[in-house]
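Source file: query-v1.pdb (PDB, N, CA and C atoms and all ligand atoms)
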```pdb
ATOM      1  N   MET A  22     105.770  76.253-300.587  1.00  0.00           N
ATOM      2  CA  MET A  22     105.599  75.126-299.656  1.00  0.00           C
ATOM      3  C   MET A  22     105.824  73.805-300.390  1.00  0.00           C
ATOM      4  N   PRO A  23     106.808  73.067-299.982  1.00  0.00           N
ATOM      5  CA  PRO A  23     107.124  71.811-300.689  1.00  0.00           C
ATOM      6  C   PRO A  23     106.057  70.748-300.464  1.00  0.00           C
ATOM      7  N   GLN A  24     105.757  70.077-301.533  1.00  0.00           N
ATOM      8  CA  GLN A  24     104.747  69.025-301.418  1.00  0.00           C
ATOM      9  C   GLN A  24     105.415  67.715-301.033  1.00  0.00           C
ATOM     10  N   THR A  25     104.868  67.124-300.035  1.00  0.00           N
ATOM     11  CA  THR A  25     105.407  65.835-299.615  1.00  0.00           C
ATOM     12  C   THR A  25     104.670  64.721-300.351  1.00  0.00           C
ATOM     13  N   MET A  26     105.420  63.693-300.618  1.00  0.00           N
ATOM     14  CA  MET A  26     104.817  62.561-301.312  1.00  0.00           C
ATOM     15  C   MET A  26     103.948  61.758-300.344  1.00  0.00           C
ATOM     16  N   HIS A  27     102.749  61.621-300.731  1.00  0.00           N
ATOM     17  CA  HIS A  27     101.860  60.787-299.929  1.00  0.00           C
ATOM     18  C   HIS A  27     101.594  59.487-300.665  1.00  0.00           C
ATOM     19  N   ARG A  28     101.936  58.431-299.977  1.00  0.00           N
ATOM     20  CA  ARG A  28     101.649  57.133-300.572  1.00  0.00           C
ATOM     21  C   ARG A  28     100.219  56.765-300.225  1.00  0.00           C
ATOM     22  N   ARG A  29      99.395  56.829-301.212  1.00  0.00           N
ATOM     23  CA  ARG A  29      97.995  56.509-300.956  1.00  0.00           C
ATOM     24  C   ARG A  29      97.775  55.008-301.044  1.00  0.00           C
ATOM     25  N   ARG A  30      97.281  54.481-299.988  1.00  0.00           N
ATOM     26  CA  ARG A  30      96.938  53.063-300.013  1.00  0.00           C
ATOM     27  C   ARG A  30      95.434  52.930-300.182  1.00  0.00           C
ATOM     28  N   ARG A  31      95.049  51.831-300.765  1.00  0.00           N
ATOM     29  CA  ARG A  31      93.621  51.628-300.979  1.00  0.00           C
ATOM     30  C   ARG A  31      92.880  51.571-299.655  1.00  0.00           C
ATOM     31  N   HIS A  32      93.442  50.847-298.733  1.00  0.00           N
ATOM     32  CA  HIS A  32      92.826  50.789-297.415  1.00  0.00           C
ATOM     33  C   HIS A  32      93.884  50.345-296.425  1.00  0.00           C
ATOM     34  N   CYS A  33      93.731  50.798-295.234  1.00  0.00           N
ATOM     35  CA  CYS A  33      94.611  50.336-294.173  1.00  0.00           C
ATOM     36  C   CYS A  33      93.861  49.311-293.352  1.00  0.00           C
ATOM     37  N   LEU A  34      94.560  48.255-293.056  1.00  0.00           N
ATOM     38  CA  LEU A  34      93.951  47.202-292.271  1.00  0.00           C
ATOM     39  C   LEU A  34      94.778  47.013-291.010  1.00  0.00           C
ATOM     40  N   PHE A  35      94.100  46.956-289.898  1.00  0.00           N
ATOM     41  CA  PHE A  35      94.818  46.832-288.629  1.00  0.00           C
ATOM     42  C   PHE A  35      94.359  45.580-287.897  1.00  0.00           C
ATOM     43  N   CYS A  36      95.292  44.959-287.259  1.00  0.00           N
ATOM     44  CA  CYS A  36      94.988  43.773-286.468  1.00  0.00           C
ATOM     45  C   CYS A  36      94.081  44.159-285.304  1.00  0.00           C
ATOM     46  N   THR A  37      93.034  43.387-285.112  1.00  0.00           N
ATOM     47  CA  THR A  37      92.084  43.690-284.046  1.00  0.00           C
ATOM     48  C   THR A  37      92.715  43.530-282.668  1.00  0.00           C
ATOM     49  N   LEU A  38      93.640  42.624-282.551  1.00  0.00           N
ATOM     50  CA  LEU A  38      94.220  42.352-281.236  1.00  0.00           C
ATOM     51  C   LEU A  38      95.363  43.289-280.881  1.00  0.00           C
ATOM     52  N   CYS A  39      96.358  43.399-281.753  1.00  0.00           N
ATOM     53  CA  CYS A  39      97.536  44.193-281.392  1.00  0.00           C
ATOM     54  C   CYS A  39      97.505  45.590-281.998  1.00  0.00           C
ATOM     55  N   GLY A  40      96.621  45.812-282.971  1.00  0.00           N
ATOM     56  CA  GLY A  40      96.481  47.136-283.541  1.00  0.00           C
ATOM     57  C   GLY A  40      97.530  47.507-284.568  1.00  0.00           C
ATOM     58  N   ARG A  41      98.434  46.576-284.859  1.00  0.00           N
ATOM     59  CA  ARG A  41      99.448  46.858-285.854  1.00  0.00           C
ATOM     60  C   ARG A  41      98.850  46.739-287.253  1.00  0.00           C
ATOM     61  N   GLU A  42      99.454  47.457-288.166  1.00  0.00           N
ATOM     62  CA  GLU A  42      98.940  47.440-289.523  1.00  0.00           C
ATOM     63  C   GLU A  42      99.285  46.124-290.209  1.00  0.00           C
ATOM     64  N   ILE A  43      98.312  45.609-290.920  1.00  0.00           N
ATOM     65  CA  ILE A  43      98.544  44.427-291.734  1.00  0.00           C
ATOM     66  C   ILE A  43      98.818  44.927-293.141  1.00  0.00           C
ATOM     67  N   SER A  44     100.054  44.803-293.561  1.00  0.00           N
ATOM     68  CA  SER A  44     100.439  45.391-294.830  1.00  0.00           C
ATOM     69  C   SER A  44     100.204  44.427-295.986  1.00  0.00           C
ATOM     70  N   THR A  45     100.306  44.980-297.166  1.00  0.00           N
ATOM     71  CA  THR A  45     100.048  44.205-298.369  1.00  0.00           C
ATOM     72  C   THR A  45     100.967  42.996-298.456  1.00  0.00           C
ATOM     73  N   GLY A  46     100.392  41.870-298.764  1.00  0.00           N
ATOM     74  CA  GLY A  46     101.181  40.661-298.913  1.00  0.00           C
ATOM     75  C   GLY A  46     101.322  39.877-297.627  1.00  0.00           C
ATOM     76  N   GLN A  47     100.868  40.472-296.538  1.00  0.00           N
ATOM     77  CA  GLN A  47     100.953  39.797-295.242  1.00  0.00           C
ATOM     78  C   GLN A  47      99.708  38.938-295.030  1.00  0.00           C
ATOM     79  N   GLU A  48      99.923  37.786-294.443  1.00  0.00           N
ATOM     80  CA  GLU A  48      98.787  36.920-294.154  1.00  0.00           C
ATOM     81  C   GLU A  48      98.029  37.433-292.945  1.00  0.00           C
ATOM     82  N   TYR A  49      96.725  37.273-292.972  1.00  0.00           N
ATOM     83  CA  TYR A  49      95.931  37.541-291.778  1.00  0.00           C
ATOM     84  C   TYR A  49      94.689  36.682-291.836  1.00  0.00           C
ATOM     85  N   TRP A  50      94.037  36.597-290.703  1.00  0.00           N
ATOM     86  CA  TRP A  50      92.850  35.764-290.606  1.00  0.00           C
ATOM     87  C   TRP A  50      91.660  36.645-290.274  1.00  0.00           C
ATOM     88  N   TYR A  51      90.643  36.557-291.094  1.00  0.00           N
ATOM     89  CA  TYR A  51      89.419  37.304-290.854  1.00  0.00           C
ATOM     90  C   TYR A  51      88.390  36.330-290.305  1.00  0.00           C
ATOM     91  N   CYS A  52      88.031  36.541-289.051  1.00  0.00           N
ATOM     92  CA  CYS A  52      87.170  35.571-288.391  1.00  0.00           C
ATOM     93  C   CYS A  52      86.269  36.286-287.386  1.00  0.00           C
ATOM     94  N   ASN A  53      84.986  36.039-287.466  1.00  0.00           N
ATOM     95  CA  ASN A  53      84.019  36.640-286.539  1.00  0.00           C
ATOM     96  C   ASN A  53      84.149  38.161-286.476  1.00  0.00           C
ATOM     97  N   GLY A  54      84.411  38.778-287.604  1.00  0.00           N
ATOM     98  CA  GLY A  54      84.498  40.231-287.650  1.00  0.00           C
ATOM     99  C   GLY A  54      85.815  40.795-287.173  1.00  0.00           C
ATOM    100  N   SER A  55      86.779  39.927-286.869  1.00  0.00           N
ATOM    101  CA  SER A  55      88.080  40.392-286.422  1.00  0.00           C
ATOM    102  C   SER A  55      89.135  40.109-287.484  1.00  0.00           C
ATOM    103  N   CYS A  56      90.103  40.990-287.577  1.00  0.00           N
ATOM    104  CA  CYS A  56      91.253  40.766-288.444  1.00  0.00           C
ATOM    105  C   CYS A  56      92.428  40.425-287.542  1.00  0.00           C
ATOM    106  N   ILE A  57      93.000  39.285-287.762  1.00  0.00           N
ATOM    107  CA  ILE A  57      94.047  38.805-286.873  1.00  0.00           C
ATOM    108  C   ILE A  57      95.327  38.597-287.668  1.00  0.00           C
ATOM    109  N   CYS A  58      96.400  39.214-287.203  1.00  0.00           N
ATOM    110  CA  CYS A  58      97.675  39.041-287.881  1.00  0.00           C
ATOM    111  C   CYS A  58      98.322  37.723-287.446  1.00  0.00           C
ATOM    112  N   ALA A  59      99.357  37.332-288.157  1.00  0.00           N
ATOM    113  CA  ALA A  59      99.991  36.041-287.893  1.00  0.00           C
ATOM    114  C   ALA A  59     100.540  35.971-286.473  1.00  0.00           C
ATOM    115  N   ASP A  60     101.028  37.109-285.968  1.00  0.00           N
ATOM    116  CA  ASP A  60     101.603  37.123-284.625  1.00  0.00           C
ATOM    117  C   ASP A  60     100.554  36.845-283.552  1.00  0.00           C
ATOM    118  N   CYS A  61      99.322  37.260-283.823  1.00  0.00           N
ATOM    119  CA  CYS A  61      98.272  37.132-282.817  1.00  0.00           C
ATOM    120  C   CYS A  61      97.439  35.876-283.024  1.00  0.00           C
ATOM    121  N   LEU A  62      97.727  35.143-284.065  1.00  0.00           N
ATOM    122  CA  LEU A  62      96.872  34.010-284.395  1.00  0.00           C
ATOM    123  C   LEU A  62      96.787  32.991-283.270  1.00  0.00           C
ATOM    124  N   SER A  63      97.909  32.706-282.647  1.00  0.00           N
ATOM    125  CA  SER A  63      97.872  31.687-281.603  1.00  0.00           C
ATOM    126  C   SER A  63      97.038  32.156-280.412  1.00  0.00           C
ATOM    127  N   ASP A  64      97.173  33.435-280.037  1.00  0.00           N
ATOM    128  CA  ASP A  64      96.376  33.967-278.940  1.00  0.00           C
ATOM    129  C   ASP A  64      94.891  33.937-279.287  1.00  0.00           C
ATOM    130  N   PHE A  65      94.602  34.334-280.519  1.00  0.00           N
ATOM    131  CA  PHE A  65      93.224  34.373-280.961  1.00  0.00           C
ATOM    132  C   PHE A  65      92.627  32.967-281.003  1.00  0.00           C
ATOM    133  N   ALA A  66      93.373  32.044-281.561  1.00  0.00           N
ATOM    134  CA  ALA A  66      92.899  30.670-281.656  1.00  0.00           C
ATOM    135  C   ALA A  66      92.681  30.082-280.268  1.00  0.00           C
ATOM    136  N   ARG A  67      93.575  30.396-279.370  1.00  0.00           N
ATOM    137  CA  ARG A  67      93.457  29.897-277.998  1.00  0.00           C
ATOM    138  C   ARG A  67      92.164  30.405-277.355  1.00  0.00           C
ATOM    139  N   ALA A  68      91.867  31.685-277.575  1.00  0.00           N
ATOM    140  CA  ALA A  68      90.656  32.263-276.997  1.00  0.00           C
ATOM    141  C   ALA A  68      89.409  31.704-277.669  1.00  0.00           C
ATOM    142  N   GLU A  69      89.472  31.595-278.994  1.00  0.00           N
ATOM    143  CA  GLU A  69      88.307  31.112-279.731  1.00  0.00           C
ATOM    144  C   GLU A  69      87.997  29.651-279.415  1.00  0.00           C
ATOM    145  N   LEU A  70      89.028  28.879-279.206  1.00  0.00           N
ATOM    146  CA  LEU A  70      88.851  27.449-278.980  1.00  0.00           C
ATOM    147  C   LEU A  70      88.862  27.091-277.493  1.00  0.00           C
ATOM    148  N   ALA A  71      88.794  28.117-276.656  1.00  0.00           N
ATOM    149  CA  ALA A  71      88.817  27.885-275.209  1.00  0.00           C
ATOM    150  C   ALA A  71      87.754  26.888-274.744  1.00  0.00           C
ATOM    151  N   PRO A  72      86.535  26.931-275.323  1.00  0.00           N
ATOM    152  CA  PRO A  72      85.516  25.972-274.871  1.00  0.00           C
ATOM    153  C   PRO A  72      85.898  24.518-275.133  1.00  0.00           C
ATOM    154  N   TYR A  73      86.832  24.319-276.022  1.00  0.00           N
ATOM    155  CA  TYR A  73      87.201  22.951-276.393  1.00  0.00           C
ATOM    156  C   TYR A  73      88.495  22.514-275.717  1.00  0.00           C
ATOM    157  N   ARG A  74      88.997  23.370-274.844  1.00  0.00           N
ATOM    158  CA  ARG A  74      90.256  23.061-274.196  1.00  0.00           C
ATOM    159  C   ARG A  74      90.065  21.941-273.174  1.00  0.00           C
ATOM    160  N   ALA A  75      91.020  21.093-273.102  1.00  0.00           N
ATOM    161  CA  ALA A  75      90.977  20.016-272.123  1.00  0.00           C
ATOM    162  C   ALA A  75      92.377  19.797-271.584  1.00  0.00           C
ATOM    163  N   THR A  76      92.455  19.257-270.421  1.00  0.00           N
ATOM    164  CA  THR A  76      93.747  18.906-269.853  1.00  0.00           C
ATOM    165  C   THR A  76      93.802  17.388-269.713  1.00  0.00           C
ATOM    166  N   ARG A  77      94.846  16.816-270.247  1.00  0.00           N
ATOM    167  CA  ARG A  77      94.971  15.362-270.216  1.00  0.00           C
ATOM    168  C   ARG A  77      95.012  14.872-268.779  1.00  0.00           C
ATOM    169  N   GLY A  78      94.133  13.933-268.491  1.00  0.00           N
ATOM    170  CA  GLY A  78      94.069  13.407-267.138  1.00  0.00           C
ATOM    171  C   GLY A  78      92.972  14.076-266.320  1.00  0.00           C
ATOM    172  N   LYS A  79      92.478  15.250-266.832  1.00  0.00           N
ATOM    173  CA  LYS A  79      91.425  15.960-266.092  1.00  0.00           C
ATOM    174  C   LYS A  79      90.178  16.132-266.950  1.00  0.00           C
ATOM    175  N   GLU A  80      90.040  15.276-267.941  1.00  0.00           N
ATOM    176  CA  GLU A  80      88.864  15.380-268.798  1.00  0.00           C
ATOM    177  C   GLU A  80      87.605  15.086-267.992  1.00  0.00           C
ATOM    178  N   GLU A  81      86.560  15.830-268.369  1.00  0.00           N
ATOM    179  CA  GLU A  81      85.286  15.560-267.714  1.00  0.00           C
ATOM    180  C   GLU A  81      84.592  14.424-268.432  1.00  0.00           C
ATOM    181  N   CYS A  82      84.393  13.346-267.732  1.00  0.00           N
ATOM    182  CA  CYS A  82      83.724  12.206-268.335  1.00  0.00           C
ATOM    183  C   CYS A  82      82.241  12.241-267.977  1.00  0.00           C
ATOM    184  N   PRO A  83      81.402  12.287-268.975  1.00  0.00           N
ATOM    185  CA  PRO A  83      79.978  12.341-268.694  1.00  0.00           C
ATOM    186  C   PRO A  83      79.444  11.002-268.156  1.00  0.00           C
TER     187      PRO A  83
HETATM  188 ZN    ZN A 101      98.146  41.248-284.252  1.00  0.00          ZN
END
```

Take the structure in the file and give it back as structure tokens.
Ligand SMILES: [Zn+2]
Amino acid sequence: MPQTMHRRRRHCLFCTLCGREISTGQEYWYCNGSCICADCLSDFARAELAPYRATRGKEECP
């Protein structure tokens, strides 16, 4: 039985949002227990900063 080469990685890291693997050398953001890849960063930031979102001209003035 031929032995196949297994590339052992120290750990696999997956993006919390899209589930894709974050490979070595790739940037990611670890925030609030989530690992976010660069592709998902804008979506994640948008969700995280949703409470601070405002629309110009429709700001709530106290
Ligand atoms: Zn992602």

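Those protein and nucleic acid residues that have any atom within 6 Å of ligand ZN 101 (chain A) are, using all atoms listed in the file, Cys36, Thr37, Leu38, Cys39, Gly40, Arg41, Ile57, Cys58, Ala59, Asp60 and Cys61 of chain A.
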
Just list the residues in chain A DSSP gives alpha helix (DSSP H) on the backbone, as a PyMOL selection string. chain A and resi 62-69

Within chain A, find each residue whose DSSP state, derived from the backbone, is strand (DSSP E or B), and express the selection as a ChimeraX atom specification. /A:35,42,49-52,55-58

Please report the interatomic distance between atom N of Ile43 (chain A) and atom N of Ala71 (chain A) in Å with one decimal.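 Computed distance, atom N of Ile43 (chain A) to atom N of Ala71 (chain A), equals 24.5 Å.
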
Between atom N of Thr45 (chain A) and atom N of Cys33 (chain A), what is the distance, to one decimal in Å?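 Separating atom N of Thr45 (chain A) from atom N of Cys33 (chain A) is a distance of 9.0 Å.
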
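What separates atom C of Ala68 (chain A) from CA of His32 (chain A) is a distance of 27.7 Å.
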